[in-house]
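Reading through the structure tokens given below for one structure.
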Amino acid sequence: MKNIGSVCAAAVFIFWSLPADAEDLIDEIRFGASTSINSPRSQDDGLIGSAEIYVAPFSSSKSGVAKVLLEPRVQVGISGGPSATDQIYTGLNWHVPITETFFAEFGAGGTVHNGNLDGGAGPRLGCRLLFREHAALGIKVTENVNVLATVDHSSNASLCDGPNDGLTHAGVALGVKF
């Protein structure tokens, strides 16, 4: 997918293709826009769009910090742009309430990409499968709408032969909870 519209259309198609009873599993969908914050030699160019689906959190009988740690959500997403590395990723996402309105999120997982491995323009990533970490600070606009400042990083953690420029993006996202 080499454009932002394709990323968003794919996410909408996936969501509306789910059987009716599967929609109970979906906690939130998000659409975002970011840009590369790598060094100029190893960055993606242009705007990078993203679309993500968050599965309803696991359930536990705990409270406080234990509840946050034991109730992550599964995140599945896609990102890309006309001059950017396309990614499909998944992982776990922990939601940490700060106040009634503000929250933080942290997560980790993996991604597969179509970018450069060891030559050409843009980041040299060394292998197709990368680790991916992300963080966000958010504000609850309404019960069902969140706005977030986001950052994510993908790299091979020097486990592959070859370079490890990594991909690092910062941006904003709009989430709709169900």
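Residue names in the structure tokens use chain letters A, B, ... in the order shown, residue numbers from 1 in each chain, and ligand numbers from 1 in the order shown.
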Q. When DSSP works through the backbone of this structure, what residues of region 29-117 of chain A end up as strand (DSSP E), shown as JSON, numbers by chain?
A. {"A": [29, 30, 31, 32, 33, 34, 35, 36, 48, 49, 50, 51, 52, 53, 54, 55, 73, 74, 75, 76, 77, 78, 79, 80, 87, 88, 89, 90, 91, 92, 93, 94, 95, 96, 97, 102, 103, 104, 105, 106, 107, 108, 109, 110, 111, 112, 113]}
Would you mind writing down, as a ChimeraX atom specification, each residue of region 7-176 of chain A that DSSP on the backbone assigns to helix (DSSP H, G or I)? /A:7-17,20-25,40-42,64-70
Using only C-alpha atoms, tabulate the residues of region 109-140 of chain A lying at most 8 Å from any atom of region 83-99 of chain A, each with its closest atom pair and that distance in Å to one decimal, by chain and increasing residue number, as JSON lines.
```
{"residue": "A:Gly109", "atom": "CA", "partner": "A:Gly91", "partner_atom": "CA", "distance": 3.7}
{"residue": "A:Gly110", "atom": "CA", "partner": "A:Tyr89", "partner_atom": "CA", "distance": 5.7}
{"residue": "A:Thr111", "atom": "CA", "partner": "A:Tyr89", "partner_atom": "CA", "distance": 4.1}
{"residue": "A:Val112", "atom": "CA", "partner": "A:Ile88", "partner_atom": "CA", "distance": 5.5}
{"residue": "A:His113", "atom": "CA", "partner": "A:Gln87", "partner_atom": "CA", "distance": 4.4}
{"residue": "A:Asn114", "atom": "CA", "partner": "A:Asp86", "partner_atom": "CA", "distance": 5.7}
{"residue": "A:Gly115", "atom": "CA", "partner": "A:Thr85", "partner_atom": "CA", "distance": 4.9}
{"residue": "A:Arg132", "atom": "CA", "partner": "A:Tyr89", "partner_atom": "CA", "distance": 7.8}
```
Item to check | Who sits within 12 Å of region 122-127 of chain A, only C-alpha atoms, same chain under 5 positions skipped, as a ChimeraX atom specification | outcome: /A:36-46,83-85,111-117,153-168
Would you output that residue set with N, CA, C and O atoms, as a CSV table (one decimal), in the first residue's frame?
```csv
chain,number,residue,atom,x,y,z
A,36,SER,N,8.5,10.7,10.0
A,36,SER,CA,9.7,10.1,10.4
A,36,SER,C,10.5,11.1,11.3
A,36,SER,O,10.6,12.2,10.9
A,37,ILE,N,11.1,10.6,12.4
A,37,ILE,CA,12.0,11.4,13.2
A,37,ILE,C,13.4,10.8,13.2
A,37,ILE,O,14.2,11.2,14.1
A,38,ASN,N,13.7,10.0,12.3
A,38,ASN,CA,15.1,9.4,12.1
A,38,ASN,C,16.0,10.5,11.6
A,38,ASN,O,15.5,11.6,11.2
A,39,SER,N,17.3,10.2,11.6
A,39,SER,CA,18.2,11.2,11.0
A,39,SER,C,17.9,11.3,9.5
A,39,SER,O,17.4,10.4,8.9
A,40,PRO,N,18.2,12.4,8.9
A,40,PRO,CA,17.9,12.6,7.5
A,40,PRO,C,18.4,11.5,6.6
A,40,PRO,O,17.8,11.1,5.6
A,41,ARG,N,19.5,10.9,6.9
A,41,ARG,CA,20.1,9.8,6.0
A,41,ARG,C,19.2,8.6,6.0
A,41,ARG,O,19.1,7.8,5.1
A,42,SER,N,18.5,8.3,7.2
A,42,SER,CA,17.8,7.1,7.3
A,42,SER,C,16.3,7.3,7.6
A,42,SER,O,15.8,6.5,8.4
A,43,GLN,N,15.7,8.3,7.0
A,43,GLN,CA,14.3,8.5,7.4
A,43,GLN,C,13.4,8.2,6.2
A,43,GLN,O,13.8,8.3,5.0
A,44,ASP,N,12.2,7.9,6.5
A,44,ASP,CA,11.1,7.9,5.5
A,44,ASP,C,10.7,9.3,5.1
A,44,ASP,O,10.8,10.2,6.0
A,45,ASP,N,10.3,9.5,3.9
A,45,ASP,CA,9.9,10.9,3.5
A,45,ASP,C,8.3,11.0,3.5
A,45,ASP,O,7.6,10.0,3.3
A,46,GLY,N,7.9,12.2,3.8
A,46,GLY,CA,6.4,12.5,3.7
A,46,GLY,C,5.6,12.0,4.9
A,46,GLY,O,6.1,11.5,5.9
A,83,SER,N,6.0,7.7,0.1
A,83,SER,CA,7.4,7.6,0.1
A,83,SER,C,7.9,7.0,1.4
A,83,SER,O,9.0,7.3,1.8
A,84,ALA,N,7.1,6.2,2.0
A,84,ALA,CA,7.4,5.6,3.3
A,84,ALA,C,7.4,4.1,3.3
A,84,ALA,O,6.9,3.5,2.3
A,85,THR,N,8.0,3.5,4.2
A,85,THR,CA,8.0,2.1,4.4
A,85,THR,C,6.7,1.6,4.9
A,85,THR,O,6.2,2.1,5.9
A,111,THR,N,6.6,-6.4,13.7
A,111,THR,CA,6.1,-5.8,12.4
A,111,THR,C,6.8,-6.5,11.3
A,111,THR,O,7.9,-7.0,11.4
A,112,VAL,N,6.1,-6.5,10.1
A,112,VAL,CA,6.7,-6.9,8.9
A,112,VAL,C,6.6,-5.7,7.9
A,112,VAL,O,5.6,-5.0,8.0
A,113,HIS,N,7.6,-5.5,7.1
A,113,HIS,CA,7.7,-4.3,6.3
A,113,HIS,C,8.1,-4.6,4.9
A,113,HIS,O,8.7,-5.7,4.6
A,114,ASN,N,8.0,-3.6,4.0
A,114,ASN,CA,8.5,-3.8,2.6
A,114,ASN,C,9.6,-2.8,2.3
A,114,ASN,O,9.9,-2.5,1.1
A,115,GLY,N,10.3,-2.3,3.3
A,115,GLY,CA,11.4,-1.4,3.1
A,115,GLY,C,12.7,-2.0,2.7
A,115,GLY,O,12.8,-3.2,2.5
A,116,ASN,N,13.7,-1.1,2.6
A,116,ASN,CA,15.1,-1.5,2.2
A,116,ASN,C,15.7,-2.4,3.3
A,116,ASN,O,15.5,-2.2,4.5
A,117,LEU,N,16.4,-3.4,2.9
A,117,LEU,CA,17.1,-4.3,3.8
A,117,LEU,C,18.5,-3.8,4.0
A,117,LEU,O,18.9,-3.6,5.2
A,153,HIS,N,8.6,3.0,17.4
A,153,HIS,CA,10.0,2.6,16.9
A,153,HIS,C,10.0,1.2,16.5
A,153,HIS,O,9.5,0.3,17.2
A,154,SER,N,10.5,0.9,15.3
A,154,SER,CA,10.7,-0.5,14.9
A,154,SER,C,12.2,-0.7,14.5
A,154,SER,O,12.8,0.1,13.8
A,155,SER,N,12.7,-1.8,14.9
A,155,SER,CA,14.1,-2.2,14.6
A,155,SER,C,14.3,-3.7,14.7
A,155,SER,O,13.5,-4.4,15.3
A,156,ASN,N,15.5,-4.1,14.2
A,156,ASN,CA,15.8,-5.5,14.4
A,156,ASN,C,16.6,-5.9,15.6
A,156,ASN,O,17.0,-7.0,15.8
A,157,ALA,N,16.8,-4.9,16.5
A,157,ALA,CA,17.5,-5.1,17.8
A,157,ALA,C,18.9,-5.7,17.5
A,157,ALA,O,19.4,-6.4,18.4
A,158,SER,N,19.5,-5.5,16.4
A,158,SER,CA,20.8,-6.0,16.0
A,158,SER,C,20.8,-7.6,16.0
A,158,SER,O,21.9,-8.2,16.2
A,159,LEU,N,19.7,-8.2,15.8
A,159,LEU,CA,19.6,-9.6,15.7
A,159,LEU,C,19.7,-10.2,14.3
A,159,LEU,O,19.8,-11.4,14.1
A,160,CYS,N,19.7,-9.3,13.3
A,160,CYS,CA,19.8,-9.7,11.9
A,160,CYS,C,21.2,-9.3,11.4
A,160,CYS,O,21.8,-8.4,11.9
A,161,ASP,N,21.7,-10.0,10.4
A,161,ASP,CA,22.9,-9.5,9.7
A,161,ASP,C,22.6,-8.2,8.9
A,161,ASP,O,21.5,-8.1,8.4
A,162,GLY,N,23.5,-7.3,8.9
A,162,GLY,CA,23.3,-6.1,8.1
A,162,GLY,C,22.9,-4.9,9.0
A,162,GLY,O,23.0,-5.0,10.2
A,163,PRO,N,22.5,-3.8,8.3
A,163,PRO,CA,22.3,-2.6,9.0
A,163,PRO,C,21.0,-2.6,9.9
A,163,PRO,O,20.2,-3.5,9.8
A,164,ASN,N,20.9,-1.6,10.8
A,164,ASN,CA,19.7,-1.5,11.7
A,164,ASN,C,19.4,0.0,11.9
A,164,ASN,O,19.5,0.5,13.0
A,165,ASP,N,19.1,0.7,10.8
A,165,ASP,CA,18.7,2.1,10.9
A,165,ASP,C,17.4,2.3,11.8
A,165,ASP,O,17.3,3.3,12.4
A,166,GLY,N,16.5,1.3,11.7
A,166,GLY,CA,15.2,1.4,12.4
A,166,GLY,C,14.3,2.4,11.8
A,166,GLY,O,14.7,3.2,10.9
A,167,LEU,N,13.1,2.4,12.2
A,167,LEU,CA,12.0,3.3,11.8
A,167,LEU,C,11.5,4.0,13.1
A,167,LEU,O,11.1,3.3,14.0
A,168,THR,N,11.5,5.3,13.1
A,168,THR,CA,10.9,6.0,14.3
A,168,THR,C,10.0,7.1,13.8
A,168,THR,O,10.4,7.9,12.9
```
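Among A:Leu148, A:Val76, A:Val68, A:Val176, the residue with the shortest atom-to-atom distance to Thr101 (chain A), counting only C-alpha atoms, is A:Leu148.
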Got a sec: who's within 10 Å of Ile53 (chain A), counting only C-alpha atoms, leaving out chain neighbours fewer than 3 positions off, as a PDB file with C-alpha atoms, in the first residue's frame?
```
ATOM      1  CA  ALA A  11      -8.804  -0.823   8.041  1.00  0.00           C
ATOM      2  CA  VAL A  12     -12.416   0.201   7.409  1.00  0.00           C
ATOM      3  CA  ILE A  14     -11.496  -5.194   7.771  1.00  0.00           C
ATOM      4  CA  PHE A  15     -13.687  -3.718  10.519  1.00  0.00           C
ATOM      5  CA  ILE A  26     -13.302  -4.658  18.993  1.00  0.00           C
ATOM      6  CA  ASP A  27     -12.613  -2.074  21.691  1.00  0.00           C
ATOM      7  CA  GLU A  28     -11.326   0.783  19.516  1.00  0.00           C
ATOM      8  CA  ILE A  29     -10.251   1.757  16.018  1.00  0.00           C
ATOM      9  CA  ARG A  30      -7.691   4.491  15.362  1.00  0.00           C
ATOM     10  CA  PHE A  31      -6.544   6.506  12.408  1.00  0.00           C
ATOM     11  CA  ALA A  56     -11.169  -5.632  23.901  1.00  0.00           C
ATOM     12  CA  ARG A  73      -5.325  -5.052  24.518  1.00  0.00           C
ATOM     13  CA  VAL A  74      -4.176  -6.759  21.340  1.00  0.00           C
ATOM     14  CA  GLN A  75      -3.304  -4.172  18.681  1.00  0.00           C
ATOM     15  CA  VAL A  76      -3.293  -4.889  14.928  1.00  0.00           C
ATOM     16  CA  GLY A  77      -2.312  -2.123  12.534  1.00  0.00           C
ATOM     17  CA  ILE A  78      -1.018  -1.022   9.173  1.00  0.00           C
ATOM     18  CA  THR A  90       0.671  -6.481  15.983  1.00  0.00           C
ATOM     19  CA  GLY A 175      -9.472   6.854  18.320  1.00  0.00           C
ATOM     20  CA  VAL A 176     -13.127   5.782  18.370  1.00  0.00           C
TER      21      VAL A 176
END
```
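We find CA of Thr35 (chain A) and CA of Ala136 (chain A) to be spaced 14.8 Å apart.
Using only C-alpha atoms, the nearest neighbour of Leu174 (chain A) within the list A:Pro72, A:Ala135, A:Asp118, A:Gly32 is A:Gly32.
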